[in-house]
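Data from target05.txt: compact mmCIF, C-alpha atoms
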```
# COMPACT_ATOMS: atom_id res chain seq x y z
CA MET W 801 32.78 -41.00 21.77
CA ARG W 802 29.19 -40.61 20.63
CA ARG W 803 28.44 -37.51 18.51
CA GLN W 804 25.51 -35.40 19.54
CA PRO W 805 22.91 -34.82 16.80
CA ARG W 806 23.38 -31.27 15.45
CA GLY W 807 19.77 -30.48 14.55
CA ALA W 808 20.60 -28.98 11.17
CA SER W 809 17.43 -30.42 9.65
CA LEU W 810 15.29 -28.74 12.28
CA ILE W 811 16.88 -25.37 11.53
CA LEU W 812 16.41 -25.89 7.79
CA VAL W 813 12.75 -26.80 8.25
CA LEU W 814 12.17 -23.79 10.51
CA LEU W 815 13.87 -21.54 7.98
CA LEU W 816 11.74 -22.93 5.16
CA LEU W 817 8.55 -22.51 7.20
CA SER W 818 9.51 -18.93 8.10
CA MET W 819 10.07 -18.10 4.43
CA LEU W 820 6.73 -19.61 3.48
CA PHE W 821 5.03 -17.73 6.30
CA VAL W 822 6.53 -14.38 5.22
CA LEU W 823 5.61 -15.09 1.59
CA GLY W 824 2.03 -15.97 2.53
CA LEU W 825 1.74 -12.95 4.81
CA GLY W 826 2.96 -10.63 2.04
CA LEU W 827 0.51 -12.04 -0.49
CA ALA W 828 -2.37 -11.89 1.98
CA THR W 829 -1.56 -8.28 2.92
CA ARG W 830 -1.43 -7.19 -0.70
CA ALA W 831 -4.71 -8.93 -1.49
CA TYR W 832 -6.32 -7.34 1.59
CA LEU W 833 -5.10 -3.87 0.61
CA GLY W 834 -6.46 -4.36 -2.91
CA VAL W 835 -9.87 -5.33 -1.59
CA ALA W 836 -9.88 -2.46 0.93
CA THR W 837 -8.96 0.09 -1.77
CA GLY W 838 -11.72 -1.16 -4.06
CA ALA W 839 -14.25 -1.04 -1.25
CA SER W 840 -13.27 2.48 -0.24
CA GLU W 841 -13.56 3.71 -3.87
CA ALA W 842 -17.05 2.24 -4.04
CA ASP W 843 -17.90 3.95 -0.74
CA TYR W 844 -16.59 7.31 -1.99
CA ALA W 845 -18.61 7.04 -5.20
CA GLN W 846 -21.73 6.13 -3.22
CA ALA W 847 -21.16 8.99 -0.75
CA GLN W 848 -21.00 11.43 -3.67
CA GLN W 849 -24.23 10.02 -5.11
CA LEU W 850 -25.91 10.40 -1.72
CA ALA W 851 -24.73 14.01 -1.48
CA LEU W 852 -26.13 14.70 -4.96
CA ALA W 853 -29.39 13.05 -3.89
CA GLY W 854 -29.49 15.45 -0.93
CA LEU W 855 -29.16 18.43 -3.28
CA GLU W 856 -31.99 17.31 -5.53
CA ASP W 857 -34.07 16.48 -2.47
CA PHE W 858 -33.67 20.07 -1.29
CA ARG W 859 -34.57 21.46 -4.72
CA VAL W 860 -37.74 19.35 -4.98
CA LYS W 861 -38.81 20.11 -1.39
CA SER W 862 -38.29 23.84 -1.82
CA SER W 863 -40.24 23.81 -5.09
CA LEU W 864 -43.22 22.01 -3.56
CA ASP W 865 -43.39 23.90 -0.27
CA TRP W 866 -43.36 27.70 -0.12
CA GLU W 867 -42.56 27.50 3.59
CA PHE W 868 -39.44 25.44 2.90
CA PRO W 869 -36.76 26.19 3.87
CA THR W 870 -38.01 27.93 6.97
CA ARG W 871 -37.21 31.63 6.77
CA ILE W 872 -34.90 32.90 9.42
CA ALA W 873 -35.16 36.56 10.30
CA ASP W 874 -31.47 37.44 10.28
CA GLY W 875 -30.70 35.00 7.51
CA THR W 876 -27.52 33.84 9.18
CA SER W 877 -28.53 30.65 10.97
CA PRO W 878 -28.50 27.63 8.70
CA ILE W 879 -31.22 25.03 8.82
CA SER W 880 -30.33 21.39 8.65
CA TYR W 881 -32.09 18.12 7.97
CA GLY W 882 -31.15 14.59 6.97
CA GLU W 883 -32.57 11.40 5.57
CA GLN W 884 -31.60 7.78 5.51
CA LEU W 885 -31.87 5.99 2.19
CA ALA W 886 -32.55 2.31 1.57
CA ASP W 887 -32.64 0.16 -1.54
CA LYS W 888 -35.70 -1.77 -2.78
CA SER W 889 -35.06 -4.62 -0.36
CA GLY W 890 -35.00 -2.22 2.57
CA ARG W 891 -31.27 -2.42 3.14
CA VAL W 892 -29.88 0.91 4.32
CA ILE W 893 -27.30 2.20 1.81
CA GLY W 894 -26.44 5.45 3.56
CA ARG W 895 -27.76 8.85 4.45
CA PHE W 896 -27.44 12.48 3.51
CA GLN W 897 -27.38 15.58 5.65
CA VAL W 898 -28.39 18.89 4.10
CA GLN W 899 -27.53 22.29 5.52
CA VAL W 900 -29.08 25.42 4.01
CA ILE W 901 -27.40 28.78 4.45
CA GLN W 902 -29.71 31.65 3.65
CA ASP W 903 -27.61 34.74 4.24
CA LYS W 904 -27.63 35.50 0.49
CA ALA W 905 -31.18 34.34 -0.16
CA ALA W 906 -32.58 37.85 -0.40
CA THR W 907 -31.79 40.85 -2.59
CA PRO W 908 -29.44 41.41 -4.34
CA HIS W 909 -28.20 37.81 -4.67
CA PHE W 910 -31.27 35.55 -4.37
CA VAL W 911 -29.05 32.52 -3.88
CA TYR W 912 -29.25 29.62 -1.44
CA GLN W 913 -26.02 27.97 -0.40
CA ILE W 914 -26.62 24.29 0.26
CA LYS W 915 -24.14 21.92 1.85
CA SER W 916 -25.03 18.30 1.33
CA THR W 917 -23.01 15.53 2.92
CA GLY W 918 -23.43 11.91 1.86
CA PHE W 919 -22.42 9.14 4.28
CA SER W 920 -21.81 5.67 2.92
CA ASN W 921 -20.27 3.02 5.13
CA LYS W 922 -17.14 4.84 6.35
CA ALA W 923 -16.80 7.41 3.56
CA LYS W 924 -18.31 10.85 3.45
CA CYS W 925 -18.52 13.43 0.70
CA THR W 926 -19.58 17.03 1.17
CA LEU W 927 -20.81 19.03 -1.81
CA VAL W 928 -21.50 22.74 -1.76
CA ALA W 929 -24.10 23.94 -4.23
CA TYR W 930 -25.65 27.27 -5.10
CA MET W 931 -29.26 27.54 -6.20
CA GLU W 932 -31.16 30.56 -7.38
CA THR W 933 -34.14 31.15 -5.13
CA GLU W 934 -36.15 32.42 -8.09
CA PRO W 935 -37.13 32.16 -10.85
CA GLY W 936 -37.08 28.46 -11.71
CA MET W 937 -34.81 27.44 -8.86
CA ARG W 938 -31.94 26.56 -11.17
CA TRP W 939 -28.65 25.23 -9.92
CA LEU W 940 -25.81 27.70 -10.36
CA GLY W 941 -22.96 25.37 -9.58
CA ILE W 942 -21.77 22.48 -7.45
CA LYS W 943 -18.34 21.86 -6.02
CA GLN W 944 -16.76 19.28 -3.79
CA GLN W 945 -15.74 20.53 -0.40
CA GLU W 946 -14.65 17.40 1.35
CA LEU W 947 -14.08 13.73 0.66
CA ASP W 948 -12.92 11.75 3.63
CA TRP W 949 -13.37 8.96 6.08
CA PHE W 950 -15.33 9.62 9.23
CA MET C 1038 40.14 -58.93 24.25
CA ILE C 1039 36.65 -60.12 25.03
CA ARG C 1040 33.85 -57.82 23.94
CA THR C 1041 30.73 -58.00 25.99
CA PRO C 1042 27.36 -56.71 24.79
CA SER C 1043 27.31 -54.06 27.52
CA THR C 1044 30.54 -52.45 26.37
CA SER C 1045 29.87 -52.54 22.63
CA VAL C 1046 28.76 -49.30 20.99
CA ALA C 1047 26.03 -49.82 18.39
CA LYS C 1048 26.92 -47.66 15.45
CA ARG C 1049 23.92 -45.59 14.29
CA PRO C 1050 23.46 -45.83 10.55
CA ARG C 1051 24.30 -42.58 8.80
CA GLY C 1052 21.68 -40.76 6.67
CA LEU C 1053 18.09 -41.78 6.10
CA SER C 1054 16.70 -45.20 5.51
CA LEU C 1055 14.93 -45.89 2.22
CA VAL C 1056 11.48 -45.44 3.74
CA GLU C 1057 12.48 -42.18 5.44
CA GLY C 1058 13.98 -40.89 2.22
CA VAL C 1059 10.88 -41.70 0.21
CA ILE C 1060 8.62 -40.02 2.78
CA THR C 1061 10.87 -36.95 2.92
CA LEU C 1062 10.95 -36.66 -0.87
CA PHE C 1063 7.18 -37.09 -1.00
CA LEU C 1064 6.61 -34.36 1.61
CA PHE C 1065 9.10 -32.09 -0.13
CA ALA C 1066 7.33 -32.59 -3.46
CA VAL C 1067 3.94 -31.85 -1.90
CA VAL C 1068 5.20 -28.62 -0.29
CA LEU C 1069 7.00 -27.54 -3.45
CA SER C 1070 4.02 -28.14 -5.73
CA SER C 1071 1.71 -26.33 -3.28
CA VAL C 1072 4.01 -23.32 -3.18
CA GLY C 1073 4.32 -23.34 -6.98
CA SER C 1074 0.57 -23.49 -7.42
CA LEU C 1075 0.10 -20.74 -4.82
CA LEU C 1076 2.59 -18.48 -6.59
CA THR C 1077 0.96 -19.06 -9.99
CA ASP C 1078 -2.48 -18.27 -8.59
CA SER C 1079 -1.27 -15.24 -6.68
CA SER C 1080 0.53 -13.76 -9.71
CA ARG C 1081 -2.70 -14.12 -11.72
CA LEU C 1082 -4.63 -12.54 -8.85
CA LEU C 1083 -2.17 -9.66 -8.52
CA ARG C 1084 -2.33 -8.96 -12.25
CA ARG C 1085 -6.12 -8.80 -11.98
CA ALA C 1086 -5.79 -6.58 -8.88
CA ASP C 1087 -3.59 -4.17 -10.87
CA GLU C 1088 -6.23 -4.01 -13.60
CA LEU C 1089 -8.91 -3.35 -11.00
CA SER C 1090 -6.73 -0.67 -9.47
CA TRP C 1091 -7.04 1.21 -12.80
CA THR C 1092 -10.81 0.74 -12.59
CA ASN C 1093 -10.71 2.36 -9.14
CA GLN C 1094 -8.79 5.30 -10.58
CA ALA C 1095 -11.24 5.53 -13.48
CA SER C 1096 -14.09 5.62 -10.97
CA ASP C 1097 -12.37 8.53 -9.26
CA TRP C 1098 -11.98 10.44 -12.57
CA VAL C 1099 -15.60 9.77 -13.50
CA ASN C 1100 -16.68 11.09 -10.07
CA ARG C 1101 -14.88 14.30 -10.97
CA MET C 1102 -16.43 14.43 -14.44
CA GLU C 1103 -19.83 13.85 -12.87
CA LEU C 1104 -19.41 16.89 -10.63
CA ASP C 1105 -18.43 19.03 -13.62
CA ILE C 1106 -21.39 17.72 -15.61
CA SER C 1107 -23.73 18.35 -12.66
CA SER C 1108 -22.34 21.84 -12.31
CA ALA C 1109 -22.45 22.68 -16.03
CA TYR C 1110 -24.83 25.30 -17.34
CA THR C 1111 -23.98 24.69 -20.98
CA VAL C 1112 -22.74 21.51 -22.59
CA ALA C 1113 -21.35 20.97 -26.07
CA LEU C 1114 -23.26 17.77 -26.80
CA THR C 1115 -26.89 17.68 -27.88
CA PRO C 1116 -29.09 14.68 -26.99
CA GLY C 1117 -28.29 11.72 -29.22
CA ALA C 1118 -24.77 12.94 -30.05
CA SER C 1119 -21.46 11.48 -28.92
CA ALA C 1120 -17.86 12.66 -28.77
CA THR C 1121 -14.40 11.59 -27.71
CA ASN C 1122 -14.03 14.45 -25.28
CA LEU C 1123 -16.20 16.12 -22.69
CA SER C 1124 -16.62 19.88 -22.81
CA VAL C 1125 -18.79 21.83 -20.38
CA ASP C 1126 -19.09 25.41 -19.16
CA VAL C 1127 -19.29 25.94 -15.41
CA ARG C 1128 -19.33 28.99 -13.18
CA ASP C 1129 -16.19 29.85 -11.25
CA LEU C 1130 -17.61 29.36 -7.76
CA ASP C 1131 -14.34 30.44 -6.14
CA SER C 1132 -14.21 33.79 -7.92
CA PRO C 1133 -14.69 36.87 -5.71
CA ASP C 1134 -17.18 38.06 -8.36
CA PHE C 1135 -19.44 35.04 -7.88
CA LEU C 1136 -21.31 36.24 -4.77
CA PRO C 1137 -19.68 39.54 -3.77
CA ALA C 1138 -20.68 41.03 -0.44
CA SER C 1139 -21.65 44.34 -2.02
CA PRO C 1140 -22.35 43.77 -5.69
CA SER C 1141 -22.42 46.66 -8.11
CA GLY C 1142 -25.57 47.55 -10.03
CA SER C 1143 -24.38 45.68 -13.13
CA TRP C 1144 -23.54 42.49 -11.23
CA SER C 1145 -25.07 39.31 -12.60
CA ILE C 1146 -24.75 35.67 -11.67
CA ASP C 1147 -24.49 34.96 -15.41
CA ALA C 1148 -21.62 37.40 -16.03
CA PRO C 1149 -19.27 36.07 -18.76
CA ASN C 1150 -16.19 36.62 -16.62
CA LEU C 1151 -17.41 33.86 -14.26
CA ARG C 1152 -17.37 31.25 -17.01
CA LEU C 1153 -14.88 28.37 -16.95
CA THR C 1154 -14.69 25.90 -19.82
CA VAL C 1155 -13.70 22.43 -18.64
CA VAL C 1156 -12.54 19.89 -21.22
CA TYR C 1157 -11.64 16.25 -20.56
CA SER C 1158 -9.71 14.64 -23.39
CA ILE C 1159 -7.13 11.95 -24.11
CA THR C 1160 -3.79 12.80 -25.63
CA ALA C 1161 -1.05 10.19 -26.01
CA ASN C 1162 -2.95 7.75 -23.79
CA GLN C 1163 -3.23 10.29 -20.98
CA LEU C 1164 -6.55 11.59 -19.70
CA SER C 1165 -6.32 15.29 -18.93
CA ARG C 1166 -8.60 18.00 -17.59
CA ALA C 1167 -8.13 21.46 -19.07
CA VAL C 1168 -9.77 24.48 -17.45
CA THR C 1169 -9.96 27.66 -19.51
CA PRO C 1170 -11.15 30.82 -17.76
CA ALA C 1171 -12.93 33.63 -19.59
CA VAL C 1172 -9.80 35.73 -19.10
CA GLY C 1173 -6.35 34.25 -18.65
CA ALA C 1174 -4.37 31.19 -19.58
CA PRO C 1175 -5.79 27.66 -19.41
CA SER C 1176 -4.51 25.17 -16.88
CA VAL C 1177 -4.13 21.49 -17.68
CA ALA C 1178 -3.99 18.64 -15.18
CA VAL C 1179 -3.03 15.13 -16.29
CA LEU C 1180 -5.21 12.62 -14.44
CA GLY C 1181 -3.71 9.33 -15.60
CA GLU C 1182 -3.50 6.61 -18.24
CA ALA C 1183 -6.46 5.76 -20.45
CA ASP C 1184 -6.78 4.60 -24.05
CA SER C 1185 -10.11 6.15 -24.93
CA LEU C 1186 -12.95 8.30 -23.65
CA GLN C 1187 -16.43 8.08 -25.10
CA VAL C 1188 -19.06 10.63 -24.11
CA GLU C 1189 -22.65 10.06 -25.19
CA ARG C 1190 -25.59 12.35 -24.55
CA LEU C 1191 -28.66 10.18 -24.16
CA SER C 1192 -32.14 11.13 -25.29
CA ASN C 1193 -33.17 11.73 -21.65
CA GLY C 1194 -30.40 14.33 -21.30
CA ASN C 1195 -28.12 12.15 -19.19
CA PHE C 1196 -24.49 11.54 -20.10
CA ARG C 1197 -22.94 8.11 -20.54
CA LEU C 1198 -19.20 8.16 -19.89
CA THR C 1199 -16.99 5.27 -20.99
CA LEU C 1200 -13.29 5.08 -20.19
CA LYS C 1201 -11.13 2.27 -21.56
CA LYS C 1202 -7.63 1.03 -20.97
CA GLY C 1203 -6.56 -2.23 -22.57
CA LYS C 1204 -9.22 -4.80 -21.77
CA GLU C 1205 -10.57 -2.76 -18.88
CA GLU C 1206 -13.61 -0.56 -19.27
CA PHE C 1207 -15.41 1.74 -16.86
CA ARG C 1208 -18.84 3.11 -17.71
CA ARG C 1209 -21.33 5.26 -15.83
CA GLU C 1210 -24.47 7.22 -16.69
CA VAL C 1211 -24.74 10.59 -14.96
CA PRO C 1212 -27.40 13.31 -14.92
CA ALA C 1213 -26.65 16.98 -15.54
CA LEU C 1214 -28.28 18.67 -12.57
CA CYS C 1215 -27.74 22.31 -13.57
CA VAL C 1216 -28.67 21.78 -17.21
CA ASP C 1217 -31.73 19.77 -16.15
CA SER C 1218 -32.77 22.52 -13.75
CA LEU C 1219 -32.50 25.00 -16.61
CA ALA C 1220 -34.45 22.81 -18.99
CA ALA C 1221 -37.22 22.00 -16.53
CA PRO C 1222 -37.52 24.78 -13.95
CA LEU C 1223 -39.60 23.79 -10.94
```
Output the structure of this file as structure tokens.
Amino acid sequence: MRRQPRGASLILVLLLLSMLFVLGLGLATRAYLGVATGASEADYAQAQQLALAGLEDFRVKSSLDWEFPTRIADGTSPISYGEQLADKSGRVIGRFQVQVIQDKAATPHFVYQIKSTGFSNKAKCTLVAYMETEPGMRWLGIKQQELDWF
Amino acid sequence: MIRTPSTSVAKRPRGLSLVEGVITLFLFAVVLSSVGSLLTDSSRLLRRADELSWTNQASDWVNRMELDISSAYTVALTPGASATNLSVDVRDLDSPDFLPASPSGSWSIDAPNLRLTVVYSITANQLSRAVTPAVGAPSVAVLGEADSLQVERLSNGNFRLTLKKGKEEFRREVPALCVDSLAAPL
């Protein structure tokens, strides 16, 4: 009686290929995660720099223009503006959005509250800063409010 | 008994022929050496990735230091000096005395009770951030592993921060927004 071939070699080869596939997939996933983490850290750092740029932008604008920021009668409605920033080659690196809250801009505090949010790729960083309206328009302090993906 | 060709059963040779065996061995050697080379490369890559992972953490810590430096109204270092720790004074922006709704006549934004002293230093290869309020006990948070911290105050007033761990190094130059705004009011 003729014996049927059992196909053990085929099973062994399939098993070997499966192991190699799982090994390759694991290595690729880890490498991908490493790259993604590095990229997100760079985005976070850039978002914070953009938010800081927004704060200094506000300080310079308000020092050069007496009408800036626009006075609001009740002092409760914030004003908001934003800018897109590019590098020397013209490539857009991100943008910042500045929100100015003026409810403590008059006596007795004389302080602007400024929220500046930097957007870089998929990361965003919101900083809250306090600036004396006068004299000298000095910064009183800056803190991080939010650091997240959007 | 007469055996005819139609009734005879040709016995299939067991195992592989010489040529098949050589080809199989060759293919097996190729696959094995490829896997070996892949594993060697990947272990080197993963070791490098681990080192870079520390760099990512260091970037995160320096982001935090940068915010404290930006927020500082006094700093311990004078331009041209350097130190192995970073010490700055910031206002406690979360204090109810910072911007009270109805401040008393003696209220001031520069009141000493609003001062927080923030110090970054390395002890036993651990980078820590200690916050000491004007009144009360200090709080210390350990950020992570680092061998050294170098803080330089440049002649333009900026800070250069250098963190090192083993062969890895992370360096960044940061401006001090609050101090700059005090030094050069607009």
Within 8 Å of chain W, which residues of chain C come that close, and what is the closest atom pair and distance in Å for each? Count only C-alpha atoms and give it as JSON lines.
```
{"residue": "C:Ser1079", "atom": "CA", "partner": "W:Leu827", "partner_atom": "CA", "distance": 7.2}
{"residue": "C:Leu1083", "atom": "CA", "partner": "W:Ala831", "partner_atom": "CA", "distance": 7.5}
{"residue": "C:Ala1086", "atom": "CA", "partner": "W:Gly834", "partner_atom": "CA", "distance": 6.4}
{"residue": "C:Leu1089", "atom": "CA", "partner": "W:Gly838", "partner_atom": "CA", "distance": 7.8}
{"residue": "C:Ser1090", "atom": "CA", "partner": "W:Gly838", "partner_atom": "CA", "distance": 7.4}
{"residue": "C:Asn1093", "atom": "CA", "partner": "W:Glu841", "partner_atom": "CA", "distance": 6.1}
{"residue": "C:Ser1096", "atom": "CA", "partner": "W:Glu841", "partner_atom": "CA", "distance": 7.4}
{"residue": "C:Asp1097", "atom": "CA", "partner": "W:Glu841", "partner_atom": "CA", "distance": 7.3}
{"residue": "C:Asn1100", "atom": "CA", "partner": "W:Ala845", "partner_atom": "CA", "distance": 6.6}
{"residue": "C:Leu1104", "atom": "CA", "partner": "W:Ile942", "partner_atom": "CA", "distance": 6.9}
{"residue": "C:Asp1105", "atom": "CA", "partner": "W:Ile942", "partner_atom": "CA", "distance": 7.8}
{"residue": "C:Ser1107", "atom": "CA", "partner": "W:Ile942", "partner_atom": "CA", "distance": 6.9}
{"residue": "C:Ser1108", "atom": "CA", "partner": "W:Gly941", "partner_atom": "CA", "distance": 4.5}
{"residue": "C:Ala1109", "atom": "CA", "partner": "W:Gly941", "partner_atom": "CA", "distance": 7.0}
{"residue": "C:Tyr1110", "atom": "CA", "partner": "W:Leu940", "partner_atom": "CA", "distance": 7.4}
{"residue": "C:Val1127", "atom": "CA", "partner": "W:Gly941", "partner_atom": "CA", "distance": 6.9}
{"residue": "C:Arg1128", "atom": "CA", "partner": "W:Gly941", "partner_atom": "CA", "distance": 6.3}
{"residue": "C:Leu1130", "atom": "CA", "partner": "W:Gly941", "partner_atom": "CA", "distance": 6.9}
{"residue": "C:Leu1136", "atom": "CA", "partner": "W:His909", "partner_atom": "CA", "distance": 7.1}
{"residue": "C:Pro1140", "atom": "CA", "partner": "W:Pro908", "partner_atom": "CA", "distance": 7.6}
{"residue": "C:Leu1214", "atom": "CA", "partner": "W:Trp939", "partner_atom": "CA", "distance": 7.1}
{"residue": "C:Cys1215", "atom": "CA", "partner": "W:Trp939", "partner_atom": "CA", "distance": 4.8}
{"residue": "C:Ser1218", "atom": "CA", "partner": "W:Arg938", "partner_atom": "CA", "distance": 4.9}
{"residue": "C:Leu1219", "atom": "CA", "partner": "W:Arg938", "partner_atom": "CA", "distance": 5.7}
{"residue": "C:Pro1222", "atom": "CA", "partner": "W:Gly936", "partner_atom": "CA", "distance": 4.3}
{"residue": "C:Leu1223", "atom": "CA", "partner": "W:Gly936", "partner_atom": "CA", "distance": 5.4}
```
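For the set C:Val1099, C:Ile1106, C:Leu1200, C:Leu1180, the residue with the smallest atom-to-atom gap to Thr1154 (chain C) is C:Ile1106, counting all atoms listed in the file.
CA of Glu946 (chain W) lies 19.9 Å from CA of Gln884 (chain W).
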Need to verify the contact set: Thr1160 (chain C), 12 Å, only C-alpha atoms, exclusion of same-chain residues closer than 2 positions in sequence. Can you return it as a short mmCIF file (atom, residue, chain, number, x, y, z; two decimals) with C-alpha atoms, in the frame of the given file?
```cif
data_model
loop_
_atom_site.label_atom_id
_atom_site.label_comp_id
_atom_site.auth_asym_id
_atom_site.auth_seq_id
_atom_site.Cartn_x
_atom_site.Cartn_y
_atom_site.Cartn_z
CA THR C 1121 -14.40 11.59 -27.71
CA ASN C 1122 -14.03 14.45 -25.28
CA TYR C 1157 -11.64 16.25 -20.56
CA SER C 1158 -9.71 14.64 -23.39
CA ASN C 1162 -2.95 7.75 -23.79
CA GLN C 1163 -3.23 10.29 -20.98
CA LEU C 1164 -6.55 11.59 -19.70
CA SER C 1165 -6.32 15.29 -18.93
CA ARG C 1166 -8.60 18.00 -17.59
CA ALA C 1167 -8.13 21.46 -19.07
CA VAL C 1177 -4.13 21.49 -17.68
CA ALA C 1178 -3.99 18.64 -15.18
CA VAL C 1179 -3.03 15.13 -16.29
CA LEU C 1180 -5.21 12.62 -14.44
CA GLY C 1181 -3.71 9.33 -15.60
CA GLU C 1182 -3.50 6.61 -18.24
CA ALA C 1183 -6.46 5.76 -20.45
CA ASP C 1184 -6.78 4.60 -24.05
CA SER C 1185 -10.11 6.15 -24.93
CA LEU C 1186 -12.95 8.30 -23.65
#
```
- Message: Counting only C-alpha atoms, which residues have an atom no more than 8 Å from (-20.0, 12.1, -31.8) in the file's coordinates? Please list them as an MDAnalysis selection string.
- Response: chainID C and resid 1118:1121 1188:1189
- Query: In terms of the shortest atom-to-atom distance over all atoms listed in the file, which of C:Ile1060, C:Leu1055, C:Leu1075, C:Leu1153 is closest to Pro1170 (chain C)?
  - Reply: C:Leu1153
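Note that the spacing between CA of Leu885 (chain W) and CA of Ala853 (chain W) amounts to 9.6 Å.
Across the model, the gap from CA of Thr1111 (chain C) to CA of Arg1209 (chain C) is 20.3 Å.
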